[in-house]
Amino acid sequence: MKVKVAFYLLLTTCLTGYAQENLTYQKPPASILALADYERAPAVTMDSKKEYMLLSYRNTYKTLDDLSQDELRLAGLRINPNTNISTTVTYYNNIKLRKIKDLQEVQVSSLPVNPKIAYLTWSPDETKIAFTNTTPTGVELWVVDVASAKATKLSTPTVNANLGNPINWFNDNKSILVTLLPKNKTALLDSKKDLPTGPIVSNSDGAKSQNRTYPDLLKNKIDESNFESSATSELYKIDLNGAATLFKEADLYTDESFSPDGKYILLTTIQKPFSYIVPLYRFPQTSTVYDANGNKIKTVNEVPLNEIMPKGFSSVRKGKRSMNWRADQPATLYFVEALDEGDQSKKADFRDELFIWKAPFDTAPTSITKLQQRYAGIIWGDETNSIVFDSWYDTRNTKTYLINPSKPSATPKIISDRNSQDVYADPGNFETKKNQFNRKSLAIENNKAFLIGDGLTKKGQFPFIDELDLNSLKTKRLYTSTLTDKKEDLLSIEDFKKGDVLVSIQSKNDYPNYYFRNIKQKNKLTPITHFANPFESIKNVSKEVIKYKRKDGVELSGTLYLPVGYDKSKKEKLPLLIWAYPTEYKDKNSAGQVTSNPNEFTYPSYGSFIYWVTKGYVVLDDAAFPIIGEGKTEPNDTFIQQLVANAEAAIDAVDTLGYIDRKKVAVGGHSYGAFMTANLLTHSNLFACGIARSGAYNRTLTPFGFQREQRNYWEVPQIYNEMSPFMNADKMKTPLLLVHGEADNNPGTFTLQTERYFQALNGLGAPVRMVILPKESHGYAAKENILHLLWEEDQFLEKHLKN
């Protein structure tokens, strides 16, 4: 049966003066369809011993029916009230197991019929894998025995997955802590049937509350009731035979975390009052530690309602935050508190303080270090070595420290101090391994730690492994990838003594596959997987990373694609498509660094223009569009000028190569890239047309900041107005295809942004077409919608660019 969809919203009282169409779903041309309608390779996870491999299969796309299920939008959640799981979950439809040393894949037996698998969770000893299966009436708990590759159902469809992963293994590997729907679950209210008992009233007490524009917030008492009903669970202990025992009574559990030794559990619950202006993660919360039998030990944290935050991205809430279990000790909590009351505008020698707190928490927490900037994470190692990170948003600075947790008075040793956007100076990520508690902790061998780096340089990408001496803090290079025709990703060190490293290798024609590389035996490679290239039709396209300069000297780059068989000597003039996304920087050096690798596998998706290389277009993908503000100058102070300069440089670079007709250039982008596209068509004559998907075009509707902009509208109204395509709609005369998901869930990019921008352009006589994709969120998922989107884009480009 054909699905009829009106792609233009039928708001006849508001949208008048333009032609509406009622279309059946269309499919793109054959060359594009062949690339878009493909079979996805399985996702791969491995146990820590690298004995078994789990292969998880899913459909390439969801269906429109998947997106058309009942949905509640509450406090930042999107959930199915019938099944009690997020509507945004992507399901697997099959799982297989394989011993890594064997090539034979083993089908997991006894799986549910037409499975909808999610939340695959290995047991601590990695002999079992728990998962959920979503049925039409609810979510079930299942478990797979790895050795026998057999699945067993452990519960009826009463699992509550509305707040995320409902599965936590007990340390005995024989029981699972699961969030289940209360036996006396409160019925949901229907706003169409349950009449309100009074008006909706909001008050301001005069305190500043500058929040970003959040979607799906609570709006009234009915929403409050439905949120409480949906978020409330009972905690049950379910063994591998399916026997269930009540562990904790009903509450709004938002996080459950066992201590490394398994003797304690930290439970965090949402409290009232609920808020209408922030999502659930800023509602009041209480964290309490219980023993493994459910007996209360101590309430360790009480977080008040967090509607008001000091201004700035480096500001944080007051009180304990980032509370979790220390990975290298049996039962020790750690947390951070701000020393500047969380306000980045206040001067302070130290911003944050890190504490530890040993069970049973009958003594005061112990401070182990103070940080000059905001706490940004920790890797626990052992009693004398741990790695701490801090950062400061405004300066983009990040520091890495070696601390001795047992000597709080000792000054932290700085391992690295750099600009976080300076990818050429990135020292890499510290390697971890499972400790005696089956928790990931800093890998330490003979007082040496190890760093795995991406290896981005001016000359290309050469991933590396460094050994860091924890006494001298000097590094020794153990391995550098020398591949120039392939891209190698170093994933983990599997055996430090033998030198075995898990890697992934790909090229523009070779799908990424896994290997073991031995860096002590002439870099010997042993293949693990053999996934084939699903995109054979474009394996011979010309692909290269080109480098060029903006008129102010800023170095730029992009990945250039030419059609199969294109003769570079004859230099036929073809249309050019540019796909980009602006990024803010605080210095020109970082902005000019190249992160693209020409040896990355060519993976077409609706998120780029690569499909159209099959239709005779030249494509410049991921073109660099830096927006730079050095010193006290903010990047957005010259946003429009830099945007146009980036576009001019990109077009000039490809035109200089002789491949394009510069009168036939199109630009496109998604989200902030759509915002970029609309501005480029408004403020330049460089493009014949543009495609803008799921963008925000009126910045007065995001008045307390957007992207990396921290200033509010009332501080810099001219910036907000100048940057808003909506405010300059009268200047826009270039054909534009506007696309948006009907149910956008991204902060700031409400579907209303596209609808109102279209109305403005239509009223002012601009050539514009609007496509609203039914049921879609910020990222598009349904096969019907994605294929039709590609058809729309192809029709638009053929009409306004190619011909």
# chains A, B, ... in the order shown; residues from 1 in each chain; ligands from 1
>>> select_by_dssp(residues="range 654-720 of chain A", states="helix (DSSP H, G or I)", output="list of chain:residue names")
A:Val654, A:Asp655, A:Thr656, A:Tyr672, A:Gly673, A:Ala674, A:Phe675, A:Met676, A:Thr677, A:Ala678, A:Asn679, A:Leu680, A:Leu681, A:Thr682, A:His683, A:Arg699, A:Thr700, A:Leu701, A:Pro717, A:Gln718, A:Ile719, A:Tyr720
>>> write_last_selection(atoms="N, CA and C atoms", output="JSON list (two decimals), in the first residue's frame")
[["chain", "number", "residue", "atom", "x", "y", "z"],
["A", 654, "VAL", "N", 38.79, 24.63, -5.77],
["A", 654, "VAL", "CA", 38.39, 23.59, -6.72],
["A", 654, "VAL", "C", 38.38, 24.16, -8.14],
["A", 655, "ASP", "N", 38.04, 25.44, -8.27],
["A", 655, "ASP", "CA", 38.05, 26.08, -9.58],
["A", 655, "ASP", "C", 39.47, 26.16, -10.13],
["A", 656, "THR", "N", 40.44, 26.41, -9.26],
["A", 656, "THR", "CA", 41.84, 26.48, -9.69],
["A", 656, "THR", "C", 42.31, 25.14, -10.25],
["A", 672, "TYR", "N", 23.45, 23.27, 12.43],
["A", 672, "TYR", "CA", 24.20, 24.53, 12.33],
["A", 672, "TYR", "C", 24.72, 24.72, 10.91],
["A", 673, "GLY", "N", 24.89, 23.61, 10.19],
["A", 673, "GLY", "CA", 25.26, 23.70, 8.78],
["A", 673, "GLY", "C", 24.13, 24.26, 7.94],
["A", 674, "ALA", "N", 22.88, 24.00, 8.34],
["A", 674, "ALA", "CA", 21.73, 24.60, 7.65],
["A", 674, "ALA", "C", 21.69, 26.10, 7.90],
["A", 675, "PHE", "N", 21.95, 26.49, 9.12],
["A", 675, "PHE", "CA", 22.06, 27.91, 9.49],
["A", 675, "PHE", "C", 23.14, 28.58, 8.65],
["A", 676, "MET", "N", 24.26, 27.91, 8.49],
["A", 676, "MET", "CA", 25.35, 28.39, 7.64],
["A", 676, "MET", "C", 24.87, 28.58, 6.20],
["A", 677, "THR", "N", 24.17, 27.57, 5.68],
["A", 677, "THR", "CA", 23.71, 27.60, 4.29],
["A", 677, "THR", "C", 22.80, 28.79, 4.03],
["A", 678, "ALA", "N", 21.83, 29.00, 4.92],
["A", 678, "ALA", "CA", 20.91, 30.11, 4.74],
["A", 678, "ALA", "C", 21.64, 31.44, 4.77],
["A", 679, "ASN", "N", 22.63, 31.58, 5.62],
["A", 679, "ASN", "CA", 23.39, 32.82, 5.69],
["A", 679, "ASN", "C", 24.24, 33.03, 4.44],
["A", 680, "LEU", "N", 24.82, 31.96, 3.91],
["A", 680, "LEU", "CA", 25.63, 32.10, 2.71],
["A", 680, "LEU", "C", 24.79, 32.54, 1.52],
["A", 681, "LEU", "N", 23.59, 31.98, 1.38],
["A", 681, "LEU", "CA", 22.72, 32.38, 0.28],
["A", 681, "LEU", "C", 22.21, 33.81, 0.46],
["A", 682, "THR", "N", 22.09, 34.24, 1.72],
["A", 682, "THR", "CA", 21.60, 35.58, 2.02],
["A", 682, "THR", "C", 22.65, 36.64, 1.78],
["A", 683, "HIS", "N", 23.89, 36.35, 2.13],
["A", 683, "HIS", "CA", 24.93, 37.38, 2.18],
["A", 683, "HIS", "C", 26.01, 37.23, 1.10],
["A", 699, "ARG", "N", 17.60, 33.68, 15.63],
["A", 699, "ARG", "CA", 18.36, 33.55, 16.87],
["A", 699, "ARG", "C", 17.69, 34.24, 18.05],
["A", 700, "THR", "N", 16.70, 35.06, 17.81],
["A", 700, "THR", "CA", 15.98, 35.63, 18.95],
["A", 700, "THR", "C", 15.13, 34.56, 19.64],
["A", 701, "LEU", "N", 14.94, 33.41, 18.97],
["A", 701, "LEU", "CA", 14.22, 32.30, 19.59],
["A", 701, "LEU", "C", 15.15, 31.39, 20.39],
["A", 717, "PRO", "N", 22.50, 42.34, 20.88],
["A", 717, "PRO", "CA", 21.37, 42.16, 19.96],
["A", 717, "PRO", "C", 21.78, 42.25, 18.50],
["A", 718, "GLN", "N", 22.79, 43.08, 18.20],
["A", 718, "GLN", "CA", 23.20, 43.22, 16.81],
["A", 718, "GLN", "C", 23.79, 41.93, 16.27],
["A", 719, "ILE", "N", 24.48, 41.17, 17.12],
["A", 719, "ILE", "CA", 25.05, 39.89, 16.69],
["A", 719, "ILE", "C", 23.93, 38.90, 16.37],
["A", 720, "TYR", "N", 22.98, 38.79, 17.26],
["A", 720, "TYR", "CA", 21.85, 37.87, 17.05],
["A", 720, "TYR", "C", 21.07, 38.23, 15.79]]
>>> residues_around(residues="range 530-539 of chain A", least_positions_apart="6", cutoff="10 Å", atoms="only C-alpha atoms", output="short mmCIF file (atom, residue, chain, number, x, y, z; two decimals) with C-alpha atoms, in the first residue's frame")
data_model
loop_
_atom_site.label_atom_id
_atom_site.label_comp_id
_atom_site.auth_asym_id
_atom_site.auth_seq_id
_atom_site.Cartn_x
_atom_site.Cartn_y
_atom_site.Cartn_z
CA SER A 31 22.67 5.16 -8.87
CA ILE A 32 21.78 6.83 -5.58
CA ALA A 34 21.93 1.46 -4.97
CA LEU A 35 24.10 3.22 -2.40
CA ALA A 36 21.30 4.22 -0.03
CA ASP A 37 19.48 0.87 0.13
CA TYR A 38 22.25 -1.42 1.41
CA GLU A 39 22.70 -4.09 4.07
CA ARG A 40 24.47 -2.85 7.17
CA ALA A 41 27.42 -4.80 8.55
CA PRO A 42 27.08 -5.99 12.16
CA LEU A 103 35.98 -17.85 11.56
CA LYS A 508 38.65 4.36 0.73
CA ASN A 509 37.68 1.04 -0.93
CA ASP A 510 38.13 -1.38 1.97
CA TYR A 511 35.46 -1.57 4.68
CA PRO A 512 36.92 -1.21 8.20
CA ASN A 513 37.99 -4.60 9.59
CA TYR A 514 39.60 -5.74 12.83
CA TYR A 515 43.10 -7.15 13.21
CA PRO A 563 33.11 10.93 -10.62
CA VAL A 564 34.39 7.53 -11.73
CA PHE A 601 36.38 4.35 3.88
CA THR A 602 34.00 6.14 1.54
CA TYR A 603 30.74 5.71 3.42
CA PRO A 604 27.85 7.55 1.75
CA ILE A 610 28.68 11.94 -1.63
CA TYR A 611 25.78 10.18 -3.39
CA VAL A 613 29.33 11.89 -7.33
CA THR A 614 27.48 9.09 -9.17
#
>>> residues_around(residues="range 569-582 of chain A", least_positions_apart="3", cutoff="6 Å", atoms="only C-alpha atoms", output="list of chain:residue names")
A:Tyr617, A:Val618, A:Val619, A:Leu620, A:Asp621, A:Asp622, A:Ala623, A:Phe625, A:Pro626, A:Gly658, A:Tyr659, A:Ile660, A:Asp661, A:Lys664, A:Val665, A:Ala666, A:Val667, A:Gly668, A:Gly669, A:Gly673
>>> write_last_selection(atoms="N, CA and C atoms", output="mmCIF file, in the first residue's frame")
data_model
loop_
_atom_site.group_PDB
_atom_site.id
_atom_site.type_symbol
_atom_site.label_atom_id
_atom_site.label_comp_id
_atom_site.auth_asym_id
_atom_site.auth_seq_id
_atom_site.Cartn_x
_atom_site.Cartn_y
_atom_site.Cartn_z
ATOM 1 N N TYR A 617 28.494 15.007 -10.466
ATOM 2 C CA TYR A 617 28.840 16.207 -9.712
ATOM 3 C C TYR A 617 30.223 16.042 -9.080
ATOM 4 N N VAL A 618 30.906 17.151 -8.888
ATOM 5 C CA VAL A 618 32.086 17.192 -8.032
ATOM 6 C C VAL A 618 31.594 17.500 -6.627
ATOM 7 N N VAL A 619 32.144 16.803 -5.621
ATOM 8 C CA VAL A 619 31.700 16.987 -4.241
ATOM 9 C C VAL A 619 32.890 17.361 -3.365
ATOM 10 N N LEU A 620 32.751 18.460 -2.630
ATOM 11 C CA LEU A 620 33.724 18.835 -1.603
ATOM 12 C C LEU A 620 33.040 18.595 -0.263
ATOM 13 N N ASP A 621 33.387 17.487 0.368
ATOM 14 C CA ASP A 621 32.724 17.077 1.603
ATOM 15 C C ASP A 621 33.532 17.524 2.814
ATOM 16 N N ASP A 622 32.816 17.819 3.886
ATOM 17 C CA ASP A 622 33.455 18.222 5.142
ATOM 18 C C ASP A 622 34.430 19.375 4.918
ATOM 19 N N ALA A 623 33.991 20.339 4.126
ATOM 20 C CA ALA A 623 34.829 21.518 3.882
ATOM 21 C C ALA A 623 35.007 22.303 5.182
ATOM 22 N N PHE A 625 35.070 25.139 7.661
ATOM 23 C CA PHE A 625 34.438 26.441 7.800
ATOM 24 C C PHE A 625 34.693 26.979 9.210
ATOM 25 N N PRO A 626 35.958 27.316 9.515
ATOM 26 C CA PRO A 626 36.263 27.811 10.864
ATOM 27 C C PRO A 626 35.761 29.235 11.068
ATOM 28 N N GLY A 658 40.530 23.328 -11.992
ATOM 29 C CA GLY A 658 39.960 23.256 -13.337
ATOM 30 C C GLY A 658 38.804 22.304 -13.503
ATOM 31 N N TYR A 659 38.186 21.857 -12.373
ATOM 32 C CA TYR A 659 37.177 20.806 -12.469
ATOM 33 C C TYR A 659 35.738 21.311 -12.541
ATOM 34 N N ILE A 660 35.497 22.584 -12.242
ATOM 35 C CA ILE A 660 34.105 23.006 -12.041
ATOM 36 C C ILE A 660 33.733 24.248 -12.854
ATOM 37 N N ASP A 661 32.440 24.372 -13.008
ATOM 38 C CA ASP A 661 31.841 25.604 -13.512
ATOM 39 C C ASP A 661 31.414 26.385 -12.272
ATOM 40 N N LYS A 664 27.951 27.121 -11.213
ATOM 41 C CA LYS A 664 27.079 26.017 -10.813
ATOM 42 C C LYS A 664 27.610 25.378 -9.537
ATOM 43 N N VAL A 665 27.447 26.108 -8.455
ATOM 44 C CA VAL A 665 27.913 25.629 -7.150
ATOM 45 C C VAL A 665 26.742 25.657 -6.181
ATOM 46 N N ALA A 666 26.566 24.564 -5.446
ATOM 47 C CA ALA A 666 25.532 24.482 -4.404
ATOM 48 C C ALA A 666 26.193 24.210 -3.062
ATOM 49 N N VAL A 667 25.522 24.638 -1.999
ATOM 50 C CA VAL A 667 26.031 24.414 -0.645
ATOM 51 C C VAL A 667 24.932 23.785 0.189
ATOM 52 N N GLY A 668 25.326 22.940 1.139
ATOM 53 C CA GLY A 668 24.337 22.310 2.004
ATOM 54 C C GLY A 668 24.888 22.031 3.379
ATOM 55 N N GLY A 669 23.962 21.851 4.319
ATOM 56 C CA GLY A 669 24.365 21.532 5.677
ATOM 57 C C GLY A 669 23.174 21.147 6.529
ATOM 58 N N GLY A 673 24.893 23.605 10.194
ATOM 59 C CA GLY A 673 25.256 23.700 8.784
ATOM 60 C C GLY A 673 24.128 24.259 7.939
#
>>> closest_residue(among="A:Cys689, A:Ala149, A:Val423, A:Leu468", to="Leu737 in chain A", atoms="only C-alpha atoms")
A:Cys689
>>> select_by_dssp(residues="range 195-327 of chain A", states="strand (DSSP E or B)", output="number ranges by chain")
A: 233-239, 244-251, 253-258, 264-270, 285-291, 296-303, 321-325
>>> atom_distance(atom1="CA of Asp382 in chain A", atom2="CA of Asn419 in chain A")
28.4 Å
>>> residues_around(residues="range 458-467 of chain A", least_positions_apart="2", cutoff="9 Å", atoms="only C-alpha atoms", output="PyMOL selection string")
chain A and resi 424+427-428+448-456+469+474-484+487-490+593-597
>>> closest_atom_pairs(of="range 209-309 of chain A", to="range 56-75 of chain A", cutoff="12 Å", atoms="only C-alpha atoms", output="JSON lines")
{"residue": "A:Tyr214", "atom": "CA", "partner": "A:Ala75", "partner_atom": "CA", "distance": 9.2}
{"residue": "A:Pro215", "atom": "CA", "partner": "A:Ala75", "partner_atom": "CA", "distance": 8.2}
{"residue": "A:Asp216", "atom": "CA", "partner": "A:Arg73", "partner_atom": "CA", "distance": 5.2}
{"residue": "A:Leu217", "atom": "CA", "partner": "A:Ala75", "partner_atom": "CA", "distance": 4.3}
{"residue": "A:Leu218", "atom": "CA", "partner": "A:Ala75", "partner_atom": "CA", "distance": 5.1}
{"residue": "A:Lys219", "atom": "CA", "partner": "A:Leu74", "partner_atom": "CA", "distance": 8.5}
{"residue": "A:Asn220", "atom": "CA", "partner": "A:Leu74", "partner_atom": "CA", "distance": 10.4}
{"residue": "A:Lys221", "atom": "CA", "partner": "A:Leu74", "partner_atom": "CA", "distance": 11.5}
{"residue": "A:Ile222", "atom": "CA", "partner": "A:Leu74", "partner_atom": "CA", "distance": 10.3}
{"residue": "A:Asp223", "atom": "CA", "partner": "A:Leu74", "partner_atom": "CA", "distance": 6.6}
{"residue": "A:Glu224", "atom": "CA", "partner": "A:Leu74", "partner_atom": "CA", "distance": 8.1}
{"residue": "A:Ser225", "atom": "CA", "partner": "A:Leu74", "partner_atom": "CA", "distance": 10.1}
{"residue": "A:Asn226", "atom": "CA", "partner": "A:Leu74", "partner_atom": "CA", "distance": 7.9}
{"residue": "A:Phe227", "atom": "CA", "partner": "A:Leu74", "partner_atom": "CA", "distance": 6.0}
{"residue": "A:Glu228", "atom": "CA", "partner": "A:Leu74", "partner_atom": "CA", "distance": 9.7}
{"residue": "A:Ser229", "atom": "CA", "partner": "A:Leu74", "partner_atom": "CA", "distance": 11.0}
{"residue": "A:Ser230", "atom": "CA", "partner": "A:Leu74", "partner_atom": "CA", "distance": 9.2}
{"residue": "A:Ala231", "atom": "CA", "partner": "A:Leu74", "partner_atom": "CA", "distance": 9.9}
{"residue": "A:Ile270", "atom": "CA", "partner": "A:Ala75", "partner_atom": "CA", "distance": 11.8}
{"residue": "A:Phe274", "atom": "CA", "partner": "A:Ala75", "partner_atom": "CA", "distance": 8.7}
{"residue": "A:Ser275", "atom": "CA", "partner": "A:Ala75", "partner_atom": "CA", "distance": 8.0}
{"residue": "A:Tyr276", "atom": "CA", "partner": "A:Ala75", "partner_atom": "CA", "distance": 7.8}
{"residue": "A:Ile277", "atom": "CA", "partner": "A:Ala75", "partner_atom": "CA", "distance": 8.9}
{"residue": "A:Val278", "atom": "CA", "partner": "A:Ala75", "partner_atom": "CA", "distance": 7.3}
{"residue": "A:Pro279", "atom": "CA", "partner": "A:Ala75", "partner_atom": "CA", "distance": 4.6}
{"residue": "A:Leu280", "atom": "CA", "partner": "A:Ala75", "partner_atom": "CA", "distance": 5.2}
{"residue": "A:Tyr281", "atom": "CA", "partner": "A:Ala75", "partner_atom": "CA", "distance": 8.6}
{"residue": "A:Arg282", "atom": "CA", "partner": "A:Ala75", "partner_atom": "CA", "distance": 9.7}
{"residue": "A:Phe283", "atom": "CA", "partner": "A:Ala75", "partner_atom": "CA", "distance": 9.3}
>>> write_last_selection(atoms="N, CA and C atoms", output="PDB file, in the first residue's frame")
ATOM      1  N   TYR A 214      15.341  24.254  25.643  1.00  0.00           N
ATOM      2  CA  TYR A 214      15.212  22.798  25.729  1.00  0.00           C
ATOM      3  C   TYR A 214      13.894  22.323  25.102  1.00  0.00           C
ATOM      4  N   PRO A 215      13.911  21.148  24.463  1.00  0.00           N
ATOM      5  CA  PRO A 215      12.665  20.577  23.925  1.00  0.00           C
ATOM      6  C   PRO A 215      11.992  19.657  24.931  1.00  0.00           C
ATOM      7  N   ASP A 216      10.743  19.340  24.687  1.00  0.00           N
ATOM      8  CA  ASP A 216      10.000  18.284  25.383  1.00  0.00           C
ATOM      9  C   ASP A 216       9.916  18.483  26.888  1.00  0.00           C
ATOM     10  N   LEU A 217       9.738  19.717  27.332  1.00  0.00           N
ATOM     11  CA  LEU A 217       9.642  19.990  28.765  1.00  0.00           C
ATOM     12  C   LEU A 217       8.233  19.703  29.281  1.00  0.00           C
ATOM     13  N   LEU A 218       8.126  19.536  30.597  1.00  0.00           N
ATOM     14  CA  LEU A 218       6.808  19.434  31.210  1.00  0.00           C
ATOM     15  C   LEU A 218       6.066  20.753  31.034  1.00  0.00           C
ATOM     16  N   LYS A 219       4.743  20.664  30.844  1.00  0.00           N
ATOM     17  CA  LYS A 219       3.977  21.877  30.573  1.00  0.00           C
ATOM     18  C   LYS A 219       2.836  22.112  31.559  1.00  0.00           C
ATOM     19  N   ASN A 220       2.391  21.055  32.232  1.00  0.00           N
ATOM     20  CA  ASN A 220       1.224  21.198  33.097  1.00  0.00           C
ATOM     21  C   ASN A 220       1.171  20.044  34.095  1.00  0.00           C
ATOM     22  N   LYS A 221       0.137  20.032  34.924  1.00  0.00           N
ATOM     23  CA  LYS A 221      -0.001  19.020  35.961  1.00  0.00           C
ATOM     24  C   LYS A 221      -0.217  17.624  35.374  1.00  0.00           C
ATOM     25  N   ILE A 222      -0.873  17.560  34.224  1.00  0.00           N
ATOM     26  CA  ILE A 222      -1.062  16.259  33.579  1.00  0.00           C
ATOM     27  C   ILE A 222       0.298  15.688  33.170  1.00  0.00           C
ATOM     28  N   ASP A 223       1.152  16.530  32.597  1.00  0.00           N
ATOM     29  CA  ASP A 223       2.506  16.086  32.249  1.00  0.00           C
ATOM     30  C   ASP A 223       3.264  15.627  33.489  1.00  0.00           C
ATOM     31  N   GLU A 224       3.142  16.378  34.571  1.00  0.00           N
ATOM     32  CA  GLU A 224       3.822  15.992  35.815  1.00  0.00           C
ATOM     33  C   GLU A 224       3.385  14.604  36.256  1.00  0.00           C
ATOM     34  N   SER A 225       2.077  14.379  36.249  1.00  0.00           N
ATOM     35  CA  SER A 225       1.545  13.089  36.679  1.00  0.00           C
ATOM     36  C   SER A 225       2.038  11.966  35.771  1.00  0.00           C
ATOM     37  N   ASN A 226       2.036  12.211  34.465  1.00  0.00           N
ATOM     38  CA  ASN A 226       2.467  11.185  33.526  1.00  0.00           C
ATOM     39  C   ASN A 226       3.968  10.928  33.614  1.00  0.00           C
ATOM     40  N   PHE A 227       4.736  11.974  33.874  1.00  0.00           N
ATOM     41  CA  PHE A 227       6.174  11.788  34.060  1.00  0.00           C
ATOM     42  C   PHE A 227       6.439  10.928  35.291  1.00  0.00           C
ATOM     43  N   GLU A 228       5.776  11.248  36.382  1.00  0.00           N
ATOM     44  CA  GLU A 228       5.983  10.487  37.615  1.00  0.00           C
ATOM     45  C   GLU A 228       5.579   9.028  37.421  1.00  0.00           C
ATOM     46  N   SER A 229       4.459   8.807  36.738  1.00  0.00           N
ATOM     47  CA  SER A 229       4.010   7.445  36.487  1.00  0.00           C
ATOM     48  C   SER A 229       5.004   6.687  35.604  1.00  0.00           C
ATOM     49  N   SER A 230       5.527   7.355  34.573  1.00  0.00           N
ATOM     50  CA  SER A 230       6.426   6.699  33.619  1.00  0.00           C
ATOM     51  C   SER A 230       7.812   6.455  34.195  1.00  0.00           C
ATOM     52  N   ALA A 231       8.273   7.345  35.074  1.00  0.00           N
ATOM     53  CA  ALA A 231       9.640   7.251  35.595  1.00  0.00           C
ATOM     54  C   ALA A 231       9.742   6.388  36.845  1.00  0.00           C
ATOM     55  N   ILE A 270      15.027  10.801  41.558  1.00  0.00           N
ATOM     56  CA  ILE A 270      14.522  12.138  41.258  1.00  0.00           C
ATOM     57  C   ILE A 270      13.509  12.529  42.325  1.00  0.00           C
ATOM     58  N   PHE A 274       9.155  19.156  40.332  1.00  0.00           N
ATOM     59  CA  PHE A 274       9.565  19.060  38.945  1.00  0.00           C
ATOM     60  C   PHE A 274       9.566  20.465  38.336  1.00  0.00           C
ATOM     61  N   SER A 275      10.300  20.595  37.252  1.00  0.00           N
ATOM     62  CA  SER A 275      10.454  21.907  36.622  1.00  0.00           C
ATOM     63  C   SER A 275       9.800  21.937  35.253  1.00  0.00           C
ATOM     64  N   TYR A 276       9.339  23.132  34.859  1.00  0.00           N
ATOM     65  CA  TYR A 276       8.791  23.344  33.522  1.00  0.00           C
ATOM     66  C   TYR A 276       9.796  24.040  32.599  1.00  0.00           C
ATOM     67  N   ILE A 277      10.996  24.333  33.102  1.00  0.00           N
ATOM     68  CA  ILE A 277      11.948  25.084  32.268  1.00  0.00           C
ATOM     69  C   ILE A 277      13.273  24.367  32.053  1.00  0.00           C
ATOM     70  N   VAL A 278      13.497  23.240  32.729  1.00  0.00           N
ATOM     71  CA  VAL A 278      14.708  22.454  32.504  1.00  0.00           C
ATOM     72  C   VAL A 278      14.332  20.972  32.422  1.00  0.00           C
ATOM     73  N   PRO A 279      15.177  20.141  31.781  1.00  0.00           N
ATOM     74  CA  PRO A 279      14.893  18.705  31.677  1.00  0.00           C
ATOM     75  C   PRO A 279      15.109  17.987  33.010  1.00  0.00           C
ATOM     76  N   LEU A 280      14.804  16.694  33.016  1.00  0.00           N
ATOM     77  CA  LEU A 280      14.802  15.919  34.251  1.00  0.00           C
ATOM     78  C   LEU A 280      16.168  15.837  34.922  1.00  0.00           C
ATOM     79  N   TYR A 281      17.273  15.909  34.141  1.00  0.00           N
ATOM     80  CA  TYR A 281      18.590  15.775  34.768  1.00  0.00           C
ATOM     81  C   TYR A 281      18.945  16.994  35.627  1.00  0.00           C
ATOM     82  N   ARG A 282      18.104  18.040  35.572  1.00  0.00           N
ATOM     83  CA  ARG A 282      18.308  19.179  36.471  1.00  0.00           C
ATOM     84  C   ARG A 282      17.200  19.284  37.520  1.00  0.00           C
ATOM     85  N   PHE A 283      16.400  18.219  37.652  1.00  0.00           N
ATOM     86  CA  PHE A 283      15.434  18.139  38.739  1.00  0.00           C
ATOM     87  C   PHE A 283      16.182  17.827  40.045  1.00  0.00           C
TER      88      PHE A 283
END
